[in-house]
Number of protein chains: 2
Amino acid sequence: MAEQAETLRRTPLSRDRVLRAAVALADGAGIESLSMRNLAQDLGVVPMALYKHVANKDELLDGMIDVVVGEIDPPVPDAGWKHTIRSRILSARQVLRRHPWAPLAIETRSMATPAVLAYLDSMVGTFRAGGFSANLAHHVMHAMGSRILGFSQELFDASRQAGRSGATEPEPPAALPPEVAARFPHLAEISTAASHDDASVVGQGCDDQFEFEFALDLLLDGIERLQQQDWTSSRRPR
Amino acid sequence: MAEQAETLRRTPLSRDRVLRAAVALADGAGIESLSMRNLAQDLGVVPMALYKHVANKDELLDGMIDVVVGEIDPPVPDAGWKHTIRSRILSARQVLRRHPWAPLAIETRSMATPAVLAYLDSMVGTFRAGGFSANLAHHVMHAMGSRILGFSQELFDASRQAGRSGATEPEPPAALPPEVAARFPHLAEISTAASHDDASVVGQGCDDQFEFEFALDLLLDGIERLQQQDWTSSRRPR
DNA sequence: AATGTAGGTGTACGGCGTACACCCGTCAAG
DNA sequence: CTTGACGGGTGTACGCCGTACACCTACATT
């Protein structure tokens, strides 16, 4: 085994290898175990060696985000803006499902990385090509917020939990414990109200994918309506 | 001044005093300078003293969130669901503007605190009282996501930045630097496309409040439409 | 006066990010 | 063939963090 480590160590480090190892570590063990020391150990190297390839931990995280964003599918050609946007966002969502730490990391970064900017730019391009005014496209991008990257934080979110402590089991939905249900009757009520009728879902845990698409389509439909009536913020009511 | 510290120290610590001091520290110096040690110093006390009032730092953060959530206005009585929800959310937004670290803290917590649950429960109650089915209310809550608490992370967000390093100046919008604008033409285009016509805003930085309300109303209008047509997920297209 | 207890103290440990000096292999110029 | 620069891995050390654990002290209760 020492030999194996030896062999691995001979492959020289590189920024790319560091970033990939960091993503793998975060995927496998959770973002909270991503320390420079752990990462170095995974690479069979001493912690300070990493600093020859990334300036510091912040830059490491930026690089990891770029790796993830790079996995999002390119836009489908020759389709209407609505379909293009929708399927790209759903692709982004698939990517983030493979890297559950990423939403939190993206939110935490203060400024967008170049890869994120490129992605956003291309999304705006799709809207513009679909006939959106620059003004409407601006507001629409704001309205989409993080959803345009395939996630939206949920407040009572299990996937976020997963993002933290590594790839443990999906876990039974863990419906709210009875004493909580008693104190918050409305929450209790709606928590069981999403049995998507077809009882394909085992527990009464709700279908994340459905909820995501529900919200996404709510927005896209509203946006379509605005665009069809040439909405612009300079004509806003008040 | 030693005397002053002395006097302050005589006022005995309490969970409440600890939480308030923590909120004040985060407000004033940014969430990243909220350490048990700094907080203890502010209170004129030794770090370990805090642990007699909060179990650990996570519980401290939970308590801080509860303080913030407690500042949100109660629901306005005798109004339609739409107005009630809308104004409550805008109130939450005002609160969060006073505590720019809070969104990040809330997102970071793994499970909702009792105060957050109570708030959510009351929001669901408003929908139900407005004639929403439990099913629709469920999906609607998901669709609102963090927006129901008055924030939505923006990806290219300045307020989030502010949340980190304390209450520095609002800063001129820092429109994207030219070399960035060149690489991302669509972003450059829309970044200047939100001059809300009335040139009350100095720079071409966009009006956060407007963008928030734009997205909020987009959702609320879509939701209203669904409710009027008795939408339910068991009848969904596919 | 004796005793329990709530709450502030002091010391210490292990982990973190990373500054800084070092050292060693490769390779170009003399 | 020597030499010297330099890219990249190493070792040590510093200052921060959260917090376990033993202690001590002042007051309330009996």
# chains A, B, ... in the order shown; residues from 1 in each chain; ligands from 1

$ residues_around --residues "DT25 (chain D)" --least-positions-apart "2" --cutoff "12 Å" --atoms "only C-alpha atoms (C1' of nucleotides)" --output "compact mmCIF listing (two decimals) with N, CA and C atoms (P, O5', C5', C4', C3', O3' and C1' of nucleotides), in the first residue's frame"
# COMPACT_ATOMS: atom_id res chain seq x y z
P DT C 5 -27.58 19.92 43.99
O5' DT C 5 -27.49 21.31 43.22
C5' DT C 5 -28.16 22.45 43.77
C4' DT C 5 -27.66 23.71 43.10
C3' DT C 5 -27.15 23.51 41.66
O3' DT C 5 -27.62 24.59 40.89
C1' DT C 5 -25.56 24.67 42.90
P DA C 6 -28.15 24.32 39.43
O5' DA C 6 -28.17 25.80 38.83
C5' DA C 6 -28.51 26.91 39.67
C4' DA C 6 -27.61 28.10 39.34
C3' DA C 6 -27.27 28.23 37.86
O3' DA C 6 -27.35 29.62 37.54
C1' DA C 6 -25.27 28.11 39.12
P DG C 7 -27.16 30.16 36.11
O5' DG C 7 -25.68 30.73 36.13
C5' DG C 7 -25.34 31.74 37.06
C4' DG C 7 -23.86 31.98 37.00
C3' DG C 7 -23.31 32.08 35.57
O3' DG C 7 -22.31 33.08 35.57
C1' DG C 7 -22.12 30.49 36.73
P DG C 8 -22.06 33.96 34.28
O5' DG C 8 -20.50 34.25 34.37
C5' DG C 8 -19.99 35.00 35.47
C4' DG C 8 -18.60 34.52 35.82
C3' DG C 8 -17.58 34.59 34.67
O3' DG C 8 -16.38 35.24 35.13
C1' DG C 8 -17.55 32.46 35.67
P DT C 9 -15.09 35.31 34.21
O5' DT C 9 -14.29 34.02 34.69
C5' DT C 9 -13.75 33.98 36.02
C4' DT C 9 -12.63 32.97 36.09
C3' DT C 9 -11.54 33.11 35.01
O3' DT C 9 -10.29 33.11 35.66
C1' DT C 9 -12.31 30.89 35.09
P DC D 23 -9.54 19.35 39.90
O5' DC D 23 -9.96 20.87 40.12
C5' DC D 23 -9.01 21.89 39.88
C4' DC D 23 -9.71 23.22 39.82
C3' DC D 23 -10.33 23.68 41.14
O3' DC D 23 -9.48 24.64 41.73
C1' DC D 23 -11.65 24.26 39.22
P DC D 27 -22.32 37.17 46.92
O5' DC D 27 -23.76 36.53 46.94
C5' DC D 27 -24.33 36.08 45.72
C4' DC D 27 -25.10 34.80 45.95
C3' DC D 27 -26.09 34.87 47.12
O3' DC D 27 -27.39 34.62 46.61
C1' DC D 27 -24.94 32.82 47.09

$ residues_around --residues "DA19 (chain C)" --least-positions-apart "5" --cutoff "12 Å" --atoms "only C-alpha atoms (C1' of nucleotides)" --output "MDAnalysis selection string"
(chainID A and resid 48 51 56) or (chainID D and resid 12:15)

$ atom_distance --atom1 "CA of Glu59 (chain B)" --atom2 "C1' of DG17 (chain C)"
24.8 Å

$ residues_around --residues "Gly150 (chain B)" --least-positions-apart "3" --cutoff "10 Å" --atoms "only C-alpha atoms (C1' of nucleotides)" --output "list in words"
Ile72, Arg86, Arg88, Ile89, Leu90, Ser91, Ala92, Arg93, Gln94, Val95, Leu96, Arg97, Pro103, Met144, Gly145, Ser146, Arg147, Phe212 and Leu216 of chain B

$ write_last_selection --atoms "N, CA and C atoms" --output "short mmCIF file (atom, residue, chain, number, x, y, z; two decimals), in the first residue's frame"
data_model
loop_
_atom_site.label_atom_id
_atom_site.label_comp_id
_atom_site.auth_asym_id
_atom_site.auth_seq_id
_atom_site.Cartn_x
_atom_site.Cartn_y
_atom_site.Cartn_z
N ILE B 72 -39.75 39.80 12.59
CA ILE B 72 -40.66 39.93 11.44
C ILE B 72 -42.05 40.30 11.94
N ARG B 86 -47.75 38.81 0.84
CA ARG B 86 -46.82 39.75 0.23
C ARG B 86 -46.22 40.70 1.25
N ARG B 88 -46.05 40.40 4.47
CA ARG B 88 -45.24 39.72 5.49
C ARG B 88 -43.85 39.42 4.93
N ILE B 89 -43.80 38.97 3.71
CA ILE B 89 -42.52 38.65 3.09
C ILE B 89 -41.68 39.92 2.96
N LEU B 90 -42.33 41.01 2.60
CA LEU B 90 -41.57 42.26 2.46
C LEU B 90 -41.08 42.73 3.84
N SER B 91 -41.87 42.45 4.86
CA SER B 91 -41.40 42.77 6.21
C SER B 91 -40.17 41.94 6.56
N ALA B 92 -40.24 40.66 6.24
CA ALA B 92 -39.09 39.79 6.48
C ALA B 92 -37.86 40.33 5.76
N ARG B 93 -38.10 40.81 4.56
CA ARG B 93 -36.99 41.35 3.79
C ARG B 93 -36.36 42.56 4.47
N GLN B 94 -37.22 43.42 5.02
CA GLN B 94 -36.69 44.58 5.75
C GLN B 94 -35.83 44.12 6.92
N VAL B 95 -36.32 43.13 7.63
CA VAL B 95 -35.56 42.60 8.78
C VAL B 95 -34.19 42.11 8.33
N LEU B 96 -34.18 41.36 7.25
CA LEU B 96 -32.91 40.79 6.80
C LEU B 96 -31.95 41.87 6.31
N ARG B 97 -32.51 42.98 5.88
CA ARG B 97 -31.62 44.07 5.48
C ARG B 97 -30.87 44.64 6.69
N PRO B 103 -29.26 35.61 5.97
CA PRO B 103 -29.54 34.65 4.91
C PRO B 103 -28.51 33.53 4.88
N MET B 144 -41.89 28.94 -3.28
CA MET B 144 -41.40 30.18 -2.67
C MET B 144 -39.98 30.00 -2.15
N GLY B 145 -39.71 28.83 -1.61
CA GLY B 145 -38.35 28.57 -1.12
C GLY B 145 -37.94 29.62 -0.12
N SER B 146 -36.70 30.06 -0.22
CA SER B 146 -36.18 31.01 0.76
C SER B 146 -36.82 32.38 0.59
N ARG B 147 -37.47 32.59 -0.55
CA ARG B 147 -38.07 33.89 -0.77
C ARG B 147 -39.13 34.19 0.28
N PHE B 212 -36.59 42.16 -6.28
CA PHE B 212 -37.21 41.21 -5.35
C PHE B 212 -38.72 41.20 -5.56
N LEU B 216 -41.18 38.24 -6.77
CA LEU B 216 -42.24 37.87 -5.84
C LEU B 216 -43.61 37.94 -6.51
#

$ interface_residues --of "chain A" --to "chain D" --cutoff "9 Å" --atoms "only C-alpha atoms (C1' of nucleotides)" --output "ChimeraX atom specification"
/A:13,45-46,48-49,52

$ closest_atom_pairs --of "chain C" --to "chain A" --cutoff "10 Å" --atoms "only C-alpha atoms (C1' of nucleotides)" --output "tab-separated table"
residue	atom	partner	partner_atom	distance
C:DG15	C1'	A:Arg37	CA	9.7
C:DC16	C1'	A:Ser35	CA	7.7
C:DG17	C1'	A:Lys57	CA	7.8
C:DT18	C1'	A:Met48	CA	8.0

$ write_last_selection --atoms "C-alpha atoms (C1' of nucleotides)" --output "short mmCIF file (atom, residue, chain, number, x, y, z; two decimals), in the first residue's frame"
data_model
loop_
_atom_site.label_atom_id
_atom_site.label_comp_id
_atom_site.auth_asym_id
_atom_site.auth_seq_id
_atom_site.Cartn_x
_atom_site.Cartn_y
_atom_site.Cartn_z
"C1'" DG C 15 -7.70 20.99 14.04
"C1'" DC C 16 -7.51 24.62 10.79
"C1'" DG C 17 -5.24 27.91 6.97
"C1'" DT C 18 -0.98 29.34 5.62
#

$ closest_atom_pairs --of "chain A" --to "chain B" --cutoff "7 Å" --atoms "only C-alpha atoms" --output "Markdown table"
| residue | atom | partner | partner_atom | distance |
| --- | --- | --- | --- | --- |
| A:Glu107 | CA | B:Leu155 | CA | 6.9 |
| A:Ser110 | CA | B:Gln161 | CA | 5.6 |
| A:Met111 | CA | B:Phe156 | CA | 6.2 |
| A:Ala112 | CA | B:Phe156 | CA | 6.1 |
| A:Ala118 | CA | B:Phe184 | CA | 6.6 |
| A:Asp121 | CA | B:Leu187 | CA | 5.3 |
| A:Val124 | CA | B:His186 | CA | 5.9 |
| A:Gly125 | CA | B:His186 | CA | 5.8 |
| A:Ala134 | CA | B:Ile190 | CA | 5.2 |
| A:Asn135 | CA | B:Ala193 | CA | 4.9 |
| A:Ala137 | CA | B:Ile190 | CA | 6.8 |
| A:His138 | CA | B:Ile190 | CA | 5.2 |
| A:His139 | CA | B:Glu211 | CA | 6.3 |
| A:His142 | CA | B:Glu211 | CA | 6.3 |
| A:Ala143 | CA | B:Ala215 | CA | 4.5 |
| A:Gly145 | CA | B:Glu154 | CA | 4.9 |
| A:Ser146 | CA | B:Glu154 | CA | 6.1 |
| A:Ser152 | CA | B:Gly145 | CA | 6.7 |
| A:Gln153 | CA | B:Ser146 | CA | 6.1 |
| A:Glu154 | CA | B:Gly145 | CA | 4.9 |
| A:Leu155 | CA | B:Ser146 | CA | 6.2 |
| A:Phe156 | CA | B:Ala112 | CA | 6.2 |
| A:Gln161 | CA | B:Ser110 | CA | 5.7 |
| A:Phe184 | CA | B:Asp121 | CA | 5.8 |
| A:His186 | CA | B:Asp121 | CA | 5.5 |
| A:Leu187 | CA | B:Asp121 | CA | 5.4 |
| A:Glu189 | CA | B:Ala134 | CA | 6.8 |
| A:Ile190 | CA | B:Ala134 | CA | 5.2 |
| A:Ala193 | CA | B:Asn135 | CA | 4.9 |
| A:Ala194 | CA | B:Asn135 | CA | 5.7 |
| A:His196 | CA | B:Ser234 | CA | 6.2 |
| A:Asp197 | CA | B:Ser234 | CA | 5.4 |
| A:Glu211 | CA | B:His142 | CA | 6.3 |
| A:Phe214 | CA | B:Ala143 | CA | 7.0 |
| A:Ala215 | CA | B:Ala143 | CA | 4.5 |
| A:Leu218 | CA | B:Gly222 | CA | 6.0 |
| A:Leu219 | CA | B:Leu219 | CA | 6.4 |
| A:Gly222 | CA | B:Leu218 | CA | 6.0 |
| A:Ser233 | CA | B:His196 | CA | 6.7 |
| A:Ser234 | CA | B:Asp197 | CA | 5.5 |

$ write_last_selection --atoms "C-alpha atoms" --output "PDB file, in the first residue's frame"
ATOM      1  CA  GLU A 107     -23.778  30.580  -2.307  1.00  0.00           C
ATOM      2  CA  SER A 110     -18.621  36.193  -2.763  1.00  0.00           C
ATOM      3  CA  MET A 111     -18.123  36.684  -6.464  1.00  0.00           C
ATOM      4  CA  ALA A 112     -19.010  34.548  -9.429  1.00  0.00           C
ATOM      5  CA  ALA A 118     -19.934  32.264 -18.903  1.00  0.00           C
ATOM      6  CA  ASP A 121     -23.972  34.928 -20.126  1.00  0.00           C
ATOM      7  CA  VAL A 124     -28.978  35.625 -21.110  1.00  0.00           C
ATOM      8  CA  GLY A 125     -28.043  35.044 -24.732  1.00  0.00           C
ATOM      9  CA  ALA A 134     -32.471  43.570 -22.466  1.00  0.00           C
ATOM     10  CA  ASN A 135     -34.635  45.109 -19.796  1.00  0.00           C
ATOM     11  CA  ALA A 137     -33.951  39.726 -19.613  1.00  0.00           C
ATOM     12  CA  HIS A 138     -32.338  41.591 -16.740  1.00  0.00           C
ATOM     13  CA  HIS A 139     -35.310  41.251 -14.449  1.00  0.00           C
ATOM     14  CA  HIS A 142     -32.866  38.241 -11.149  1.00  0.00           C
ATOM     15  CA  ALA A 143     -36.148  36.452 -10.729  1.00  0.00           C
ATOM     16  CA  GLY A 145     -31.852  33.694  -8.994  1.00  0.00           C
ATOM     17  CA  SER A 146     -30.024  30.550  -8.033  1.00  0.00           C
ATOM     18  CA  SER A 152     -33.017  26.697  -4.785  1.00  0.00           C
ATOM     19  CA  GLN A 153     -32.532  26.438  -1.114  1.00  0.00           C
ATOM     20  CA  GLU A 154     -35.485  24.991   0.574  1.00  0.00           C
ATOM     21  CA  LEU A 155     -35.335  25.919   4.235  1.00  0.00           C
ATOM     22  CA  PHE A 156     -36.337  22.401   5.274  1.00  0.00           C
ATOM     23  CA  GLN A 161     -28.094  18.007   4.801  1.00  0.00           C
ATOM     24  CA  PHE A 184     -47.278  23.343  13.802  1.00  0.00           C
ATOM     25  CA  HIS A 186     -50.431  23.612   9.107  1.00  0.00           C
ATOM     26  CA  LEU A 187     -46.992  22.263   8.381  1.00  0.00           C
ATOM     27  CA  GLU A 189     -51.076  19.053   7.190  1.00  0.00           C
ATOM     28  CA  ILE A 190     -49.199  19.986   4.068  1.00  0.00           C
ATOM     29  CA  ALA A 193     -50.483  16.555   1.222  1.00  0.00           C
ATOM     30  CA  ALA A 194     -47.994  15.880  -1.502  1.00  0.00           C
ATOM     31  CA  HIS A 196     -48.241  12.622  -5.699  1.00  0.00           C
ATOM     32  CA  ASP A 197     -51.293  10.575  -6.069  1.00  0.00           C
ATOM     33  CA  GLU A 211     -41.262  20.572  -6.654  1.00  0.00           C
ATOM     34  CA  PHE A 214     -43.310  23.106 -10.400  1.00  0.00           C
ATOM     35  CA  ALA A 215     -41.566  26.283  -9.319  1.00  0.00           C
ATOM     36  CA  LEU A 218     -44.483  28.701 -12.559  1.00  0.00           C
ATOM     37  CA  LEU A 219     -41.718  31.184 -13.267  1.00  0.00           C
ATOM     38  CA  GLY A 222     -45.174  33.916 -15.909  1.00  0.00           C
ATOM     39  CA  SER A 233     -40.082  48.039 -16.204  1.00  0.00           C
ATOM     40  CA  SER A 234     -40.389  51.608 -17.463  1.00  0.00           C
TER      41      SER A 234
END
